[in-house]
>>> print(open('model-v5.txt').read())   # compact mmCIF, C-alpha atoms and all ligand atoms
# COMPACT_ATOMS: atom_id res chain seq x y z
CA MET A 1 29.76 126.19 53.35
CA ALA A 2 26.40 125.18 54.87
CA GLU A 3 26.16 124.97 58.67
CA GLY A 4 26.88 121.47 60.05
CA ILE A 5 28.11 120.10 56.72
CA GLY A 6 31.88 119.74 56.63
CA THR A 7 33.07 116.49 55.09
CA VAL A 8 31.00 114.69 52.47
CA LEU A 9 31.48 110.99 51.64
CA VAL A 10 30.35 109.83 48.19
CA LEU A 11 29.92 106.04 47.93
CA GLY A 12 30.07 105.21 44.22
CA ALA A 13 32.11 108.28 43.31
CA THR A 14 32.93 106.95 39.81
CA ALA A 15 29.22 106.82 38.87
CA ASP A 16 28.12 109.58 36.47
CA ILE A 17 25.68 110.82 39.13
CA GLY A 18 28.27 110.30 41.92
CA ARG A 19 30.89 112.38 40.07
CA ALA A 20 28.39 115.22 39.60
CA ILE A 21 27.44 115.09 43.31
CA ALA A 22 31.10 115.15 44.38
CA ARG A 23 31.80 118.17 42.16
CA ALA A 24 28.73 120.02 43.43
CA PHE A 25 29.77 119.59 47.08
CA ALA A 26 33.42 120.46 46.24
CA ALA A 27 32.21 123.67 44.57
CA GLY A 28 30.47 124.50 47.88
CA GLY A 29 33.84 124.23 49.67
CA HIS A 30 33.26 120.86 51.35
CA ALA A 31 36.04 118.36 52.03
CA LEU A 32 35.41 115.13 50.13
CA GLN A 33 35.84 111.43 50.78
CA LEU A 34 35.41 109.53 47.53
CA ALA A 35 34.80 105.78 47.63
CA ALA A 36 34.58 103.38 44.69
CA ARG A 37 35.91 100.02 43.52
CA ASP A 38 38.04 101.32 40.62
CA ARG A 39 41.10 103.05 42.14
CA ALA A 40 42.51 104.39 38.87
CA ARG A 41 39.23 106.11 37.92
CA LEU A 42 38.85 107.41 41.46
CA GLU A 43 42.32 109.00 41.30
CA HIS A 44 41.50 110.54 37.94
CA GLU A 45 38.28 112.00 39.38
CA ALA A 46 40.10 113.34 42.45
CA ARG A 47 42.73 115.08 40.26
CA ASP A 48 39.97 116.72 38.28
CA ILE A 49 38.17 117.94 41.41
CA ARG A 50 41.41 119.30 42.92
CA VAL A 51 41.98 121.38 39.76
CA ARG A 52 38.45 122.86 39.89
CA ALA A 53 38.09 123.37 43.65
CA SER A 54 40.54 123.75 46.51
CA ALA A 55 38.66 121.26 48.72
CA PRO A 56 40.67 118.36 50.23
CA VAL A 57 39.88 114.95 48.68
CA ALA A 58 40.57 111.55 50.33
CA LEU A 59 40.11 108.23 48.51
CA TYR A 60 38.78 104.87 49.76
CA GLY A 61 38.18 101.47 48.18
CA CYS A 62 34.57 100.28 48.25
CA ASP A 63 32.89 97.15 46.87
CA VAL A 64 29.35 96.47 48.11
CA LEU A 65 29.59 92.85 46.96
CA ALA A 66 32.23 92.29 49.68
CA ASP A 67 31.24 90.94 53.12
CA ALA A 68 28.59 93.01 54.93
CA GLY A 69 28.22 95.26 51.87
CA GLY A 70 31.80 96.45 52.30
CA ALA A 71 30.91 98.03 55.64
CA ALA A 72 34.54 97.56 56.82
CA LEU A 73 35.19 100.79 54.95
CA VAL A 74 33.39 102.66 57.75
CA ASP A 75 36.25 101.87 60.18
CA GLU A 76 38.77 103.47 57.80
CA LEU A 77 37.01 106.82 57.45
CA ASP A 78 38.97 109.65 59.02
CA PRO A 79 37.17 111.81 59.99
CA LEU A 80 33.70 110.33 60.21
CA PRO A 81 31.91 112.37 57.52
CA ASP A 82 29.03 114.77 58.19
CA VAL A 83 27.17 113.65 55.06
CA ALA A 84 27.27 110.27 53.29
CA VAL A 85 25.69 109.88 49.84
CA CYS A 86 25.28 106.37 48.42
CA VAL A 87 25.01 106.33 44.63
CA ILE A 88 25.98 102.68 44.07
CA GLY A 89 23.64 100.70 41.85
CA LEU A 90 23.40 98.29 38.94
CA LEU A 91 20.86 97.95 36.12
CA ASP A 92 21.13 94.85 33.92
CA GLY A 93 18.18 93.74 31.77
CA ARG A 94 19.48 90.14 31.74
CA ALA A 95 18.58 89.92 35.45
CA GLU A 96 14.99 89.04 34.51
CA ARG A 97 16.18 85.72 33.00
CA ASP A 98 19.50 84.95 34.71
CA ARG A 99 19.54 84.10 38.43
CA ASP A 100 23.22 84.94 39.02
CA ILE A 101 22.79 88.36 37.46
CA ALA A 102 19.52 88.83 39.39
CA ALA A 103 21.38 88.10 42.65
CA ARG A 104 24.09 90.60 41.72
CA VAL A 105 21.51 93.30 40.91
CA MET A 106 19.66 92.64 44.19
CA ARG A 107 22.87 92.70 46.24
CA THR A 108 24.23 95.82 44.51
CA ASN A 109 21.04 97.88 44.79
CA TYR A 110 19.64 96.72 48.12
CA LEU A 111 21.75 94.51 50.38
CA GLY A 112 25.13 96.21 49.98
CA PRO A 113 24.03 99.87 50.14
CA SER A 114 21.68 99.11 53.06
CA LEU A 115 24.38 97.35 55.12
CA LEU A 116 26.88 100.10 54.34
CA LEU A 117 24.52 102.96 55.24
CA GLY A 118 23.38 100.97 58.29
CA ALA A 119 26.99 100.83 59.54
CA LEU A 120 27.35 104.58 58.99
CA ALA A 121 23.99 105.17 60.72
CA GLU A 122 25.30 103.51 63.90
CA ARG A 123 28.30 105.87 64.00
CA PHE A 124 26.20 108.93 63.17
CA GLU A 125 23.69 107.98 65.85
CA LYS A 126 26.44 107.68 68.49
CA ARG A 127 27.76 111.10 67.48
CA GLY A 128 24.21 112.54 67.37
CA SER A 129 24.51 114.21 63.95
CA GLY A 130 24.86 113.60 60.23
CA VAL A 131 22.93 113.22 57.00
CA LEU A 132 22.61 109.93 55.09
CA VAL A 133 21.51 110.12 51.46
CA GLY A 134 20.44 107.07 49.45
CA VAL A 135 20.00 107.31 45.68
CA SER A 136 17.12 104.92 45.06
CA SER A 137 14.70 105.00 42.12
CA VAL A 138 11.11 105.59 41.06
CA ALA A 139 11.36 101.97 39.86
CA GLY A 140 10.98 100.99 43.52
CA ASP A 141 7.59 102.71 43.84
CA ARG A 142 5.77 99.78 42.21
CA GLY A 143 7.04 96.48 40.79
CA ARG A 144 6.75 96.28 37.01
CA ALA A 145 7.32 93.48 34.49
CA SER A 146 10.08 95.31 32.61
CA ASN A 147 12.37 95.74 35.61
CA CYS A 148 11.03 93.39 38.26
CA VAL A 149 14.48 92.59 39.73
CA TYR A 150 15.98 96.11 39.74
CA GLY A 151 12.66 97.66 40.85
CA SER A 152 12.23 95.25 43.74
CA ALA A 153 15.80 95.85 44.94
CA LYS A 154 15.26 99.62 44.82
CA ALA A 155 11.93 99.15 46.65
CA GLY A 156 13.84 97.32 49.40
CA PHE A 157 16.41 100.12 49.53
CA SER A 158 13.70 102.84 49.67
CA ALA A 159 11.97 100.95 52.51
CA TYR A 160 15.28 100.60 54.36
CA LEU A 161 15.94 104.35 54.05
CA SER A 162 12.41 105.09 55.26
CA GLY A 163 12.92 102.84 58.28
CA LEU A 164 16.29 104.42 59.08
CA ARG A 165 14.77 107.92 58.85
CA ASN A 166 12.05 106.88 61.27
CA ARG A 167 14.50 105.19 63.67
CA LEU A 168 17.02 108.05 63.69
CA ALA A 169 14.61 111.00 63.71
CA ALA A 170 15.07 111.68 67.42
CA SER A 171 18.86 111.27 67.36
CA GLY A 172 19.77 114.27 65.20
CA VAL A 173 20.59 112.12 62.17
CA HIS A 174 18.67 112.86 58.99
CA VAL A 175 18.00 110.49 56.06
CA VAL A 176 17.20 111.63 52.51
CA THR A 177 15.77 109.32 49.83
CA VAL A 178 16.48 110.44 46.25
CA LYS A 179 14.35 109.24 43.34
CA PRO A 180 15.99 110.63 40.21
CA GLY A 181 13.58 109.44 37.47
CA TYR A 182 15.38 108.97 34.15
CA VAL A 183 18.92 110.35 34.08
CA ARG A 184 21.24 110.50 31.05
CA THR A 185 24.24 108.45 32.22
CA ARG A 186 26.16 105.40 31.06
CA MET A 187 23.49 103.30 32.85
CA THR A 188 20.84 104.53 30.38
CA ASP A 189 23.16 104.83 27.37
CA GLY A 190 21.32 103.73 24.20
CA MET A 191 17.86 104.05 25.80
CA ASP A 192 15.33 106.35 24.15
CA LEU A 193 14.49 108.60 27.11
CA PRO A 194 11.62 111.14 26.76
CA ALA A 195 13.23 114.61 27.06
CA PRO A 196 10.78 116.12 29.61
CA LEU A 197 11.35 113.17 31.98
CA ALA A 198 15.14 112.84 31.67
CA ALA A 199 17.42 114.80 34.00
CA THR A 200 21.16 115.37 33.72
CA PRO A 201 23.60 114.20 36.44
CA ASP A 202 24.19 117.87 37.33
CA GLU A 203 20.46 118.35 37.96
CA VAL A 204 20.48 115.36 40.30
CA ALA A 205 23.56 116.75 42.07
CA ASP A 206 21.97 120.18 42.61
CA ALA A 207 18.82 118.52 43.95
CA VAL A 208 20.88 116.40 46.36
CA VAL A 209 22.84 119.39 47.69
CA ARG A 210 19.57 121.33 48.22
CA ALA A 211 17.91 118.34 49.90
CA VAL A 212 20.81 117.93 52.33
CA ARG A 213 20.81 121.62 53.24
CA ARG A 214 17.03 121.74 53.67
CA ARG A 215 16.81 118.37 55.44
CA ARG A 216 14.28 117.03 52.92
CA ASP A 217 12.95 113.47 53.41
CA VAL A 218 12.09 112.10 49.95
CA ILE A 219 12.80 113.94 46.71
CA TYR A 220 11.85 113.31 43.10
CA VAL A 221 14.47 115.21 41.07
CA ARG A 222 11.96 116.29 38.40
CA PRO A 223 8.72 116.96 40.33
CA ILE A 224 6.57 115.50 37.53
CA TRP A 225 7.77 112.02 38.60
CA ARG A 226 5.97 112.35 41.93
CA TRP A 227 2.67 112.66 40.04
CA ILE A 228 3.49 109.95 37.48
CA MET A 229 4.33 107.48 40.23
CA LEU A 230 1.23 108.47 42.23
CA VAL A 231 -0.89 107.47 39.24
CA VAL A 232 1.13 104.27 38.69
CA ARG A 233 0.70 103.33 42.37
CA VAL A 234 -3.08 103.79 42.45
CA ILE A 235 -3.90 101.70 39.36
CA PRO A 236 -5.83 98.68 40.71
CA GLU A 237 -3.88 95.42 40.51
CA ARG A 238 -6.56 93.85 38.28
CA ALA A 239 -5.93 96.54 35.62
CA PHE A 240 -2.19 96.86 36.33
CA LYS A 241 -1.43 93.24 35.50
CA ARG A 242 -2.89 93.70 32.02
CA LEU A 243 -0.58 96.65 31.27
CA LYS A 244 2.86 96.19 29.69
CA LEU A 245 4.90 98.60 31.81
N1 LIG A 301 20.57 106.73 35.27
C1 LIG A 301 19.31 106.67 35.66
O1 LIG A 301 18.35 106.86 34.85
C2 LIG A 301 18.97 106.38 37.09
C3 LIG A 301 17.64 106.52 37.48
C4 LIG A 301 17.29 106.26 38.80
C5 LIG A 301 18.27 105.88 39.70
N2 LIG A 301 19.56 105.73 39.28
C6 LIG A 301 20.52 105.30 40.27
O2 LIG A 301 21.55 106.26 40.37
C7 LIG A 301 22.76 105.63 40.82
C8 LIG A 301 23.91 106.03 39.91
O3 LIG A 301 23.68 105.54 38.61
P1 LIG A 301 24.28 106.21 37.28
O4 LIG A 301 23.13 106.45 36.40
O5 LIG A 301 25.22 107.31 37.63
O6 LIG A 301 25.03 104.97 36.64
P2 LIG A 301 26.53 104.43 36.78
O7 LIG A 301 27.48 105.48 36.28
O8 LIG A 301 26.54 103.11 36.12
O9 LIG A 301 26.71 104.28 38.35
C9 LIG A 301 26.60 103.08 39.06
C10 LIG A 301 27.73 103.05 40.04
O10 LIG A 301 27.61 101.94 40.92
C11 LIG A 301 28.91 101.41 41.10
N3 LIG A 301 28.91 100.00 41.49
C12 LIG A 301 28.31 98.96 40.85
N4 LIG A 301 28.58 97.81 41.50
C13 LIG A 301 29.35 98.16 42.57
C14 LIG A 301 29.93 97.42 43.62
N5 LIG A 301 29.82 96.08 43.70
N6 LIG A 301 30.62 98.08 44.58
C15 LIG A 301 30.77 99.43 44.51
N7 LIG A 301 30.28 100.18 43.50
C16 LIG A 301 29.56 99.54 42.56
C17 LIG A 301 29.57 101.54 39.75
O11 LIG A 301 30.99 101.44 39.92
P3 LIG A 301 32.01 101.45 38.67
O12 LIG A 301 32.16 102.92 38.33
O13 LIG A 301 33.24 100.82 39.22
O14 LIG A 301 31.36 100.67 37.57
C18 LIG A 301 29.09 102.92 39.34
O15 LIG A 301 29.97 103.91 39.80
C19 LIG A 301 22.46 104.13 40.82
O16 LIG A 301 22.13 103.71 42.12
C20 LIG A 301 21.24 104.02 39.92
O17 LIG A 301 20.47 102.87 40.22
C21 LIG A 301 19.93 105.99 38.01
>>> encode(input="model-v5.txt", output="structure tokens")
Amino acid sequence: MAEGIGTVLVLGATADIGRAIARAFAAGGHALQLAARDRARLEHEARDIRVRASAPVALYGCDVLADAGGAALVDELDPLPDVAVCVIGLLDGRAERDRDIAARVMRTNYLGPSLLLGALAERFEKRGSGVLVGVSSVAGDRGRASNCVYGSAKAGFSAYLSGLRNRLAASGVHVVTVKPGYVRTRMTDGMDLPAPLAATPDEVADAVVRAVRRRRDVIYVRPIWRWIMLVVRVIPERAFKRLKL
């Protein structure tokens, strides 16, 4: 077990990426707190982890569309975890044309996770230790026509994580931003993902565990994405608006 990392909270533990992250930390001997909105699937996941690893697993309900992003959950946590990883997110192509769905995508990717991690940040800051991990997206690096709503919400979340990292740097609390690139999960089911750019949930999980141990700031799971997004970011607006990205 890595020094200073005892209990790990996974927010969105029924996500394909969340399940892989929980298993990776359990394999490292860490106690787990799994939070999600679907209790039956959470219990199924916990049973599976208990069979594979001897780590203790506690379960919590979590819906980021509830008041204050479901931050009431933070009062229930016992103990306060050493690491909290937020994997919660929603991609829905209809958001570009439907305002209710757009609001749900914005709240699920930005408002809820930010309020929830913000509530944890306060507790971690008081204690003077802890690692917060937010799974954001390369989609937040520059707004694009094809995922304007999702991308803008992830941009907000990335900016929030950056601000938290800056605010908490002197307090002993570390913040990691994760930009996975394409990942083969139920979120991308049916999409034609280019093989060299598409990671597996286990790859994301290994990268997250390494980033927590090494106190990394911002990671791109497949390094090639850092360069792709650098190019995408520097294209002048005049040329960018003529591209269909
Ligand atoms: N797959 C990719 O290519 C990719 C790329 C970049 C970033 N990401 C990000 O990675 C994270 C995990 O995604 P994934 O690919 O593993 O897809 P996923 O399996 O669909 O995970 C999304 C998770 O968010 C949870 N969620 C949605 N609304 C919620 C709410 N109101 N309250 C609490 N939980 C809620 C879902 O809960 P339920 O299980 O109850 O539905 C699900 O577990 C997301 O933040 C996603 O944006 C994914």
>>> residues_near_ligand(input="model-v5.txt", ligand="ligand LIG 301 (chain A)", cutoff="7 Å", atoms="only C-alpha atoms and all ligand atoms", output="number ranges by chain")
A: 12-18, 36-38, 62-65, 87-91, 108-109, 135-138, 179-188
>>> closest_residue(input="model-v5.txt", among="A:Val204, A:Val85, A:Arg144, A:Leu9", to="Val176 of chain A", atoms="all atoms listed in the file")
A:Val85
>>> atom_distance(input="model-v5.txt", atom1="atom CA of Asp202 of chain A", atom2="atom CA of Ala95 of chain A")
28.6 Å
>>> closest_residue(input="model-v5.txt", among="A:Val149, A:Ser114, A:Tyr60, A:Ser171", to="Asp98 of chain A", atoms="only C-alpha atoms")
A:Val149
>>> residues_around(input="model-v5.txt", residues="Arg23 of chain A", least_positions_apart="4", cutoff="7 Å", atoms="all atoms listed in the file", output="ChimeraX atom specification")
/A:19,27,49
>>> axis_aligned_box(input="model-v5.txt", around="segment 164-167 of chain A", padding_each_side="5 Å", output="JSON")
{"center_x": 14.2, "center_y": 106.2, "center_z": 61.3, "size_x": 14.2, "size_y": 13.5, "size_z": 14.8}
>>> atom_distance(input="model-v5.txt", atom1="atom CA of Met106 of chain A", atom2="atom CA of Asn147 of chain A")
11.7 Å
>>> atom_distance(input="model-v5.txt", atom1="atom CA of Leu116 of chain A", atom2="atom CA of Pro79 of chain A")
16.6 Å
>>> residues_around(input="model-v5.txt", residues="Ala58 of chain A", least_positions_apart="2", cutoff="12 Å", atoms="all atoms listed in the file", output="compact mmCIF listing (two decimals) with C-alpha atoms, in the frame of the given file")
# COMPACT_ATOMS: atom_id res chain seq x y z
CA THR A 7 33.07 116.49 55.09
CA VAL A 8 31.00 114.69 52.47
CA LEU A 9 31.48 110.99 51.64
CA VAL A 10 30.35 109.83 48.19
CA ALA A 13 32.11 108.28 43.31
CA ALA A 22 31.10 115.15 44.38
CA HIS A 30 33.26 120.86 51.35
CA ALA A 31 36.04 118.36 52.03
CA LEU A 32 35.41 115.13 50.13
CA GLN A 33 35.84 111.43 50.78
CA LEU A 34 35.41 109.53 47.53
CA ALA A 35 34.80 105.78 47.63
CA ALA A 36 34.58 103.38 44.69
CA ARG A 39 41.10 103.05 42.14
CA LEU A 42 38.85 107.41 41.46
CA GLU A 43 42.32 109.00 41.30
CA GLU A 45 38.28 112.00 39.38
CA ALA A 46 40.10 113.34 42.45
CA ARG A 47 42.73 115.08 40.26
CA ILE A 49 38.17 117.94 41.41
CA ARG A 50 41.41 119.30 42.92
CA ALA A 55 38.66 121.26 48.72
CA PRO A 56 40.67 118.36 50.23
CA TYR A 60 38.78 104.87 49.76
CA GLY A 61 38.18 101.47 48.18
CA GLU A 76 38.77 103.47 57.80
CA LEU A 77 37.01 106.82 57.45
CA ASP A 78 38.97 109.65 59.02
CA PRO A 79 37.17 111.81 59.99
CA PRO A 81 31.91 112.37 57.52
>>> closest_residue(input="model-v5.txt", among="A:Val178, A:Leu117, A:Glu122, A:Leu111", to="Ser152 of chain A", atoms="only C-alpha atoms")
A:Leu111
>>> closest_residue(input="model-v5.txt", among="A:Pro201, A:Gly93, A:Gly70, A:Pro236", to="Leu120 of chain A", atoms="all atoms listed in the file")
A:Gly70
>>> closest_residue(input="model-v5.txt", among="A:Leu80, A:Ala139, A:Met191, A:Val208", to="Ile228 of chain A", atoms="all atoms listed in the file")
A:Ala139
>>> closest_residue(input="model-v5.txt", among="A:Leu168, A:Leu245, A:Val83, A:Ala153", to="Arg107 of chain A", atoms="all atoms listed in the file")
A:Ala153
>>> residues_around(input="model-v5.txt", residues="Val209 of chain A", least_positions_apart="4", cutoff="7 Å", atoms="all atoms listed in the file", output="list in words")
Phe25, Ala205 and Arg213 of chain A
>>> residues_near_point(input="model-v5.txt", point="(8.5, 110.8, 30.6)", cutoff="10 Å", atoms="all atoms listed in the file", output="PyMOL selection string")
chain A and resi 181-182+193-198+224-225+228
>>> build_atoms(input="model-v5.txt", residues="segment 97-113 of chain A", atoms="N, CA and C atoms", output="PDB file, in the frame of the given file")
ATOM      1  N   ARG A  97      16.105  87.115  33.496  1.00  0.00           N
ATOM      2  CA  ARG A  97      16.180  85.720  33.000  1.00  0.00           C
ATOM      3  C   ARG A  97      17.344  84.926  33.588  1.00  0.00           C
ATOM      4  N   ASP A  98      18.281  85.611  34.249  1.00  0.00           N
ATOM      5  CA  ASP A  98      19.500  84.950  34.710  1.00  0.00           C
ATOM      6  C   ASP A  98      19.615  85.128  36.232  1.00  0.00           C
ATOM      7  N   ARG A  99      19.601  84.007  36.970  1.00  0.00           N
ATOM      8  CA  ARG A  99      19.540  84.100  38.430  1.00  0.00           C
ATOM      9  C   ARG A  99      20.809  84.687  39.058  1.00  0.00           C
ATOM     10  N   ASP A 100      21.981  84.382  38.457  1.00  0.00           N
ATOM     11  CA  ASP A 100      23.220  84.940  39.020  1.00  0.00           C
ATOM     12  C   ASP A 100      23.246  86.453  38.870  1.00  0.00           C
ATOM     13  N   ILE A 101      22.808  86.913  37.690  1.00  0.00           N
ATOM     14  CA  ILE A 101      22.790  88.360  37.460  1.00  0.00           C
ATOM     15  C   ILE A 101      21.716  89.001  38.349  1.00  0.00           C
ATOM     16  N   ALA A 102      20.573  88.307  38.512  1.00  0.00           N
ATOM     17  CA  ALA A 102      19.520  88.830  39.390  1.00  0.00           C
ATOM     18  C   ALA A 102      20.066  89.009  40.818  1.00  0.00           C
ATOM     19  N   ALA A 103      20.824  88.017  41.289  1.00  0.00           N
ATOM     20  CA  ALA A 103      21.380  88.100  42.650  1.00  0.00           C
ATOM     21  C   ALA A 103      22.336  89.279  42.760  1.00  0.00           C
ATOM     22  N   ARG A 104      23.127  89.486  41.717  1.00  0.00           N
ATOM     23  CA  ARG A 104      24.090  90.600  41.720  1.00  0.00           C
ATOM     24  C   ARG A 104      23.354  91.951  41.741  1.00  0.00           C
ATOM     25  N   VAL A 105      22.287  92.046  40.947  1.00  0.00           N
ATOM     26  CA  VAL A 105      21.510  93.300  40.910  1.00  0.00           C
ATOM     27  C   VAL A 105      20.856  93.546  42.268  1.00  0.00           C
ATOM     28  N   MET A 106      20.309  92.486  42.875  1.00  0.00           N
ATOM     29  CA  MET A 106      19.660  92.640  44.190  1.00  0.00           C
ATOM     30  C   MET A 106      20.681  93.057  45.249  1.00  0.00           C
ATOM     31  N   ARG A 107      21.855  92.401  45.223  1.00  0.00           N
ATOM     32  CA  ARG A 107      22.870  92.700  46.240  1.00  0.00           C
ATOM     33  C   ARG A 107      23.439  94.113  46.045  1.00  0.00           C
ATOM     34  N   THR A 108      23.587  94.521  44.781  1.00  0.00           N
ATOM     35  CA  THR A 108      24.230  95.820  44.510  1.00  0.00           C
ATOM     36  C   THR A 108      23.294  96.987  44.801  1.00  0.00           C
ATOM     37  N   ASN A 109      21.984  96.771  44.591  1.00  0.00           N
ATOM     38  CA  ASN A 109      21.040  97.880  44.790  1.00  0.00           C
ATOM     39  C   ASN A 109      20.405  97.914  46.167  1.00  0.00           C
ATOM     40  N   TYR A 110      20.327  96.750  46.817  1.00  0.00           N
ATOM     41  CA  TYR A 110      19.640  96.720  48.120  1.00  0.00           C
ATOM     42  C   TYR A 110      20.569  96.307  49.268  1.00  0.00           C
ATOM     43  N   LEU A 111      21.028  95.051  49.214  1.00  0.00           N
ATOM     44  CA  LEU A 111      21.750  94.510  50.380  1.00  0.00           C
ATOM     45  C   LEU A 111      23.002  95.320  50.719  1.00  0.00           C
ATOM     46  N   GLY A 112      23.865  95.509  49.726  1.00  0.00           N
ATOM     47  CA  GLY A 112      25.130  96.210  49.980  1.00  0.00           C
ATOM     48  C   GLY A 112      24.925  97.636  50.470  1.00  0.00           C
ATOM     49  N   PRO A 113      24.224  98.483  49.689  1.00  0.00           N
ATOM     50  CA  PRO A 113      24.030  99.870  50.140  1.00  0.00           C
ATOM     51  C   PRO A 113      23.328  99.961  51.499  1.00  0.00           C
TER      52      PRO A 113
END
